[in-house]
Structures are given as structure tokens and as C-alpha cells.
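Participant: I'm passing along my_file_5.cif; it holds mmCIF, C-alpha atoms.
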data_target
loop_
_atom_site.label_atom_id
_atom_site.label_comp_id
_atom_site.auth_asym_id
_atom_site.auth_seq_id
_atom_site.Cartn_x
_atom_site.Cartn_y
_atom_site.Cartn_z
CA MET A 273 90.84 -44.95 19.98
CA ILE A 274 91.69 -41.31 19.29
CA TRP A 275 93.57 -40.04 22.32
CA GLN A 276 92.49 -36.40 21.92
CA VAL A 277 88.81 -37.40 22.12
CA ASP A 278 89.54 -39.61 25.11
CA PHE A 279 91.48 -36.86 26.86
CA TRP A 280 88.83 -34.18 26.47
CA LEU A 281 86.02 -36.57 27.39
CA LEU A 282 87.96 -37.41 30.57
CA VAL A 283 88.47 -33.72 31.38
CA ILE A 284 84.74 -32.96 30.95
CA LEU A 285 83.95 -36.07 33.02
CA ILE A 286 86.05 -34.85 35.95
CA ILE A 287 84.55 -31.35 35.68
CA THR A 288 80.97 -32.68 35.78
CA ALA A 289 81.84 -34.91 38.76
CA LEU A 290 83.30 -31.95 40.66
CA VAL A 291 80.25 -29.83 39.81
CA ALA A 292 77.91 -32.58 41.04
CA LEU A 293 79.85 -32.79 44.29
CA SER A 294 80.24 -29.11 45.01
CA VAL A 295 76.95 -27.50 44.00
CA HIS A 296 74.42 -26.72 46.76
CA ASP A 297 71.25 -26.91 44.68
CA LEU A 298 70.41 -30.62 44.68
CA LEU A 299 68.44 -30.50 41.41
CA ALA A 300 71.50 -29.05 39.67
CA ALA A 301 73.57 -31.83 41.27
CA VAL A 302 71.22 -34.46 39.82
CA VAL A 303 71.47 -32.89 36.36
CA ALA A 304 75.27 -32.78 36.63
CA LEU A 305 75.25 -36.45 37.68
CA ALA A 306 73.16 -37.35 34.61
CA ALA A 307 75.65 -35.46 32.44
CA TYR A 308 78.47 -37.34 34.19
CA SER A 309 77.00 -40.73 33.39
CA PHE A 310 76.31 -39.65 29.80
CA PHE A 311 79.99 -38.78 29.41
CA VAL A 312 80.92 -42.13 30.99
CA ALA A 313 78.73 -43.74 28.31
CA LEU A 314 80.55 -41.79 25.58
CA LEU A 315 83.88 -42.88 27.04
CA PHE A 316 82.79 -46.53 27.14
CA SER A 317 81.61 -46.45 23.53
CA GLN A 318 84.86 -44.73 22.56
CA ALA A 319 86.72 -47.61 24.23
CA GLY A 320 84.68 -50.11 22.20
CA ALA A 321 82.35 -51.43 24.93
CA ILE A 322 79.04 -50.61 23.22
CA ASP A 323 76.96 -52.86 25.45
CA VAL A 324 78.21 -51.30 28.68
CA ALA A 325 77.74 -47.84 27.17
CA PHE A 326 74.13 -48.70 26.37
CA VAL A 327 73.49 -49.79 29.96
CA GLU A 328 75.14 -46.65 31.30
CA ALA A 329 73.15 -44.36 29.00
CA THR A 330 69.78 -45.94 29.83
CA LEU A 331 70.31 -46.58 33.54
CA GLY A 332 72.66 -43.77 34.54
CA ALA A 333 71.32 -40.93 32.43
CA GLY A 334 67.72 -42.14 32.22
CA ILE A 335 66.29 -44.03 35.16
CA SER A 336 68.54 -42.92 38.02
CA GLY A 337 68.02 -39.23 37.21
CA VAL A 338 64.25 -39.71 37.36
CA LEU A 339 64.50 -41.65 40.64
CA PHE A 340 66.75 -38.98 42.19
CA ILE A 341 64.33 -36.22 41.16
CA VAL A 342 61.40 -38.15 42.66
CA VAL A 343 63.32 -38.48 45.93
CA LEU A 344 64.15 -34.77 45.71
CA LEU A 345 60.45 -33.89 45.46
CA LEU A 346 59.90 -35.69 48.76
CA THR A 347 62.63 -33.72 50.57
CA ARG A 348 64.04 -30.20 50.45
CA ARG A 349 65.82 -28.86 47.41
CA ARG A 350 68.92 -27.31 48.98
CA SER A 351 71.63 -29.17 50.86
CA GLU A 352 72.89 -27.72 54.11
CA ASP A 353 76.55 -28.74 54.19
CA MET B 18 52.59 -36.80 45.04
CA ILE B 19 51.84 -36.53 41.31
CA LYS B 20 48.09 -36.95 41.14
CA GLN B 21 46.88 -34.65 38.40
CA HIS B 22 47.46 -34.20 34.70
CA TYR B 23 50.50 -32.12 33.86
CA GLN B 24 48.85 -28.88 32.71
CA SER B 25 50.65 -28.28 29.44
CA ILE B 26 49.34 -29.30 26.03
CA VAL B 27 52.87 -29.45 24.58
CA ILE B 28 54.10 -31.95 27.15
CA GLN B 29 50.97 -34.08 26.88
CA THR B 30 51.15 -34.26 23.09
CA VAL B 31 54.89 -34.93 22.94
CA CYS B 32 54.77 -37.61 25.63
CA SER B 33 51.78 -39.41 24.14
CA LEU B 34 53.53 -39.39 20.74
CA LEU B 35 56.87 -40.52 22.19
CA ILE B 36 55.74 -43.45 24.35
CA PRO B 37 54.83 -45.92 21.52
CA PHE B 38 58.15 -45.30 19.80
CA ILE B 39 60.08 -45.89 23.03
CA GLN B 40 58.21 -49.17 23.49
CA LEU B 41 58.87 -50.21 19.87
CA PHE B 42 62.57 -49.46 20.31
CA ALA B 43 62.59 -51.44 23.54
CA LEU B 44 61.08 -54.46 21.80
CA TYR B 45 63.67 -54.10 19.04
CA VAL B 46 66.48 -54.02 21.60
CA ILE B 47 65.16 -57.13 23.36
CA ILE B 48 64.55 -59.17 20.18
CA HIS B 49 67.78 -58.04 18.50
CA GLY B 50 69.84 -58.49 21.66
CA HIS B 51 71.91 -61.49 20.66
CA TYR B 52 72.93 -60.03 17.27
CA GLY B 53 74.14 -56.63 18.36
CA PRO B 54 74.46 -54.32 21.34
CA GLY B 55 71.52 -54.42 23.68
CA GLY B 56 69.68 -57.27 25.31
CA GLY B 57 67.14 -58.06 27.95
CA PHE B 58 68.38 -55.63 30.58
CA GLN B 59 68.53 -52.57 28.33
CA GLY B 60 65.22 -53.36 26.67
CA GLY B 61 63.56 -53.84 30.04
CA VAL B 62 64.92 -50.49 31.22
CA LEU B 63 63.52 -48.80 28.09
CA LEU B 64 60.09 -50.39 28.64
CA ALA B 65 60.13 -49.20 32.26
CA VAL B 66 61.11 -45.71 31.08
CA SER B 67 58.04 -45.57 28.83
CA ILE B 68 55.73 -46.50 31.72
CA ILE B 69 57.46 -44.04 34.09
CA LEU B 70 57.07 -41.26 31.49
CA GLN B 71 53.36 -42.05 31.36
CA ARG B 72 53.19 -41.93 35.17
CA LEU B 73 54.92 -38.53 35.17
CA TYR B 74 52.71 -36.75 32.65
CA LEU B 75 49.35 -38.40 33.27
CA GLY B 76 49.52 -38.47 37.04
CA SER B 77 49.06 -41.55 39.17
CA LYS B 78 45.26 -41.48 39.19
CA ILE B 79 44.81 -42.17 35.46
CA SER B 80 48.11 -43.94 34.94
CA TYR B 81 47.39 -46.56 37.61
CA ARG B 82 44.17 -47.34 35.76
CA LYS B 83 46.08 -47.86 32.49
CA PHE B 84 48.97 -49.87 33.97
CA SER B 85 48.58 -50.73 37.64
CA PRO B 86 51.52 -51.59 39.94
CA LYS B 87 49.99 -55.03 40.47
CA MET B 88 50.43 -55.63 36.74
CA ALA B 89 54.06 -54.54 37.07
CA LEU B 90 54.50 -57.03 39.90
CA ALA B 91 52.93 -59.76 37.74
CA PHE B 92 55.22 -58.91 34.80
CA GLY B 93 58.30 -59.06 37.01
CA ALA B 94 57.26 -62.42 38.47
CA ILE B 95 56.44 -63.85 35.02
CA GLY B 96 59.82 -62.76 33.67
CA MET B 97 61.62 -64.34 36.60
CA LEU B 98 59.60 -67.55 36.05
CA ILE B 99 60.51 -67.63 32.35
CA PHE B 100 64.19 -67.28 33.25
CA GLY B 101 63.92 -69.97 35.92
CA PHE B 102 62.15 -72.44 33.65
CA ALA B 103 64.65 -71.83 30.82
CA GLY B 104 67.31 -72.75 33.36
CA VAL B 105 65.65 -75.72 35.05
CA VAL B 106 63.83 -77.46 32.16
CA PRO B 107 67.08 -78.52 30.38
CA LEU B 108 68.09 -80.24 33.65
CA ALA B 109 65.06 -82.53 33.28
CA PHE B 110 66.01 -83.37 29.67
CA GLY B 111 69.57 -84.42 30.36
CA GLY B 112 71.54 -81.20 30.12
CA ALA B 113 73.19 -78.79 32.51
CA PHE B 114 71.63 -75.68 34.08
CA LEU B 115 70.81 -73.11 31.33
CA ASP B 116 71.97 -75.61 28.68
CA TYR B 117 69.70 -74.41 25.87
CA GLU B 118 70.57 -77.29 23.55
CA ASN B 119 68.44 -79.62 25.68
CA LEU B 120 65.29 -77.48 25.71
CA PRO B 121 62.28 -79.62 24.75
CA ILE B 122 61.56 -77.84 21.45
CA PHE B 123 61.91 -80.85 19.20
CA TRP B 124 61.54 -79.27 15.75
CA VAL B 125 64.63 -77.04 16.18
CA HIS B 126 68.12 -78.47 16.50
CA GLY B 127 71.68 -77.50 17.28
CA ALA B 128 72.83 -73.91 16.99
CA GLU B 129 69.34 -72.64 16.11
CA LEU B 130 67.98 -74.09 19.35
CA ARG B 131 70.77 -72.40 21.30
CA ALA B 132 69.94 -69.03 19.68
CA LEU B 133 66.25 -69.58 20.49
CA GLY B 134 67.17 -70.33 24.11
CA ILE B 135 69.12 -67.08 24.33
CA LEU B 136 66.04 -65.25 22.98
CA ILE B 137 63.77 -66.88 25.59
CA VAL B 138 66.15 -65.92 28.40
CA GLU B 139 66.41 -62.34 27.08
CA ILE B 140 62.62 -62.01 27.07
CA GLY B 141 62.51 -63.27 30.66
CA ILE B 142 65.20 -60.84 31.80
CA GLY B 143 63.47 -57.98 29.98
CA LEU B 144 60.11 -58.61 31.65
CA ALA B 145 61.73 -59.01 35.09
CA VAL B 146 63.71 -55.76 34.81
CA PHE B 147 60.66 -53.91 33.46
CA GLY B 148 58.40 -54.96 36.32
CA THR B 149 61.02 -54.36 38.98
CA LEU B 150 61.94 -50.85 37.84
CA VAL B 151 58.30 -49.75 37.56
CA LEU B 152 57.70 -51.17 41.05
CA ILE B 153 60.73 -49.31 42.43
CA PHE B 154 59.35 -46.07 41.00
CA ASP B 155 55.85 -46.71 42.37
CA SER B 156 56.99 -47.59 45.87
CA LEU B 157 59.29 -44.55 45.85
CA VAL B 158 56.40 -42.24 44.95
CA GLY B 159 54.37 -43.89 47.71
CA GLU B 160 50.82 -43.55 46.42
CA ARG B 161 48.20 -46.05 47.48
CA TRP B 162 47.63 -48.76 44.88
#
Is it possible to give me this structure as C-alpha cells?

Facilitator:
Amino acid sequence: MIWQVDFWLLVILIITALVALSVHDLLAAVVALAAYSFFVALLFSQAGAIDVAFVEATLGAGISGVLFIVVLLLTRRRSED
Amino acid sequence: MIKQHYQSIVIQTVCSLLIPFIQLFALYVIIHGHYGPGGGFQGGVLLAVSIILQRLYLGSKISYRKFSPKMALAFGAIGMLIFGFAGVVPLAFGGAFLDYENLPIFWVHGAELRALGILIVEIGIGLAVFGTLVLIFDSLVGERW
């Protein structure tokens, strides 16, 4: 545990979460969400939970991004709120 | 939705090269699951990712012929059955539920039998997750089977 690495990973994590919430282009929001879960995976592996980090990297950054993009192709690309 | 080939030679070549290596890595993760990080769930997700990548670049028309959603359903059901039998069979041989030491594999004993039971359960979980994720993708896309 190196606290500088933890701190900056946490800062980037919060920034990607805010970007995913605030952006209007939904494809960009999906990409920001994939980046968010990749940084969660880095944070987990930094904390020593390699197994959980592996699940987060495959499911969060891999499968769920693809599923969100497929849903996005069936609807419109921009959000209205 | 995605019916045709993706019209780019770069993407076709890279995907067709990448898919066998993803599947090999998935098998490694499943088999190696009880020694290190990884296991049935992660390996199953990686296998499903390889099939979904094939669906994305080949289009559903050809990809359903190579690996149909009915096969995904069968894989998921078989994985669930393997898990269920690994749980129930030790009950019939005098153990508790999921008590691998009482599996009826008579030429392996003790700790080795327990490790083998973990491997059997991991394979079951991997197949179940693989079939279920491919089925989720297929029913989300909504093509006719």
C-alpha cells in the first residue's frame, strides 16, 4: 500500500465518475464508465484483492461496456436531461 | 441489428487472430483457478467475451451458424448440471452438500480429491457463466435464432 498511488487513483476515479454522470453524449458516458471500473480494478489490486480486481476488470470494463453499447445502438445517442 | 460482416480487413484479421488466444487464456484461468487469482466466473466471462467479439465482427448471420444461441443455452444448462451434481452426489455417498471428499472417484483420496472437486465445480461455474452471458447478449440484440 503506497498512499500516493492510492490517493491519485481515487482522485482519477472520482473524476471519471463525475464525467460519466455529467456528459450528454451517452457513448462517451459508457466509455467513462468503463474507465471508472478499470480504475476500481486498479484500486482493488492495489489493496491486495487480486481476485476481485480480476472480476471487475473483466465484467466492468469488458462485458458491461459491450452490453451498454448494444443497448445504445437500439436507442438514441444523446440524453435529454 | 448487426447482420453483415464488419467491412474492414484490419478488424477482421485482428479479431480472428485474437479470439483463439482469448479462449486459451480463459481455459488457463478456469483450470488454474484454485492455485492463483481467477476461477470459474472470470474464465467463463472471458470465454463469453471471445464469442461476443466473434458476434460483433462477423455479424449474426455467420456467427449464429458457427456458435448458435441454442448451443449457448445448452452450455449454460450443462454447467449448472455439473455444479448441481458435484453438490448432490456427495450427499448420496455419506457426506454433506458440496463435500468433495465423498465424491465417488475411488482412485483419488484425501486432499487431492478435494482439489479435484474444486476443479469440477470451477468447470461447471465457467460453463454456466459462459452460456448465460452469451444468451444475455443474444437476447439483447434481439435477432431471430

Participant: As number ranges by chain, could you give me every residue of chain A near chain B (at most 12 Å apart, counting only C-alpha atoms)?

Facilitator: A: 317, 320-347

Participant: If the PyMOL selection byres ((chain A and resi 286) around 12) is run on the structure shown, which residues does it catch, given as a PyMOL selection string?

Facilitator: chain A and resi 279-285+287-293+304-305+307-309+311-312

Participant: When you look at His296 in chain A with a cut-off of 10 Å (counting all atoms listed in the file), what residues show up, excluding the ones that are within fewer than 6 positions of it in the same chain? I need them as a PyMOL selection string.

Facilitator: chain A and resi 349-353

Participant: Report the residues retrieved by the PyMOL selection byres ((chain B and resi 120) around 8) from the displayed file, expressed as a PyMOL selection string.

Facilitator: chain B and resi 103+106-107+110+116-119+121-122+130+134

Participant: Could you tell me how far CA of Ala94 in chain B lies from CA of Ala145 in chain B, in Å and to one decimal?

Facilitator: 6.6 Å

Participant: Hey, what comes out of the PyMOL selection byres ((chain B and resi 142) around 10) on this file? Could you write it as a list in words?

Facilitator: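 Evaluating the PyMOL selection byres ((chain B and resi 142) around 10) on these coordinates yields Ile47, Gly56, Gly57, Phe58, Gln59, Gly60, Gly61, Gly93, Ile95, Gly96, Met97, Leu98, Ile99, Phe100, Leu136, Ile137, Val138, Glu139, Ile140, Gly141, Gly143, Leu144, Ala145, Val146 and Phe147 of chain B.
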
Participant: Considering all atoms listed in the file, return as JSON, numbers by chain whatever protein or nucleic-acid residues lie within 10 Å of Lys83 in chain B, sequence-local ones (same chain, fewer than 3 positions apart) excluded.

Facilitator: {"B": [68, 71, 72, 77, 78, 79, 80, 86, 88]}

Participant: Using CA of Phe38 in chain B and CA of Val151 in chain B as the two end points, give the distance in Å to one decimal.

Facilitator: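 Between CA of Phe38 in chain B and CA of Val151 in chain B the gap is 18.3 Å.
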
Participant: Find the distance between CA of Leu108 in chain B and CA of Ala91 in chain B and write it in Å to one decimal.

Facilitator: 25.8 Å
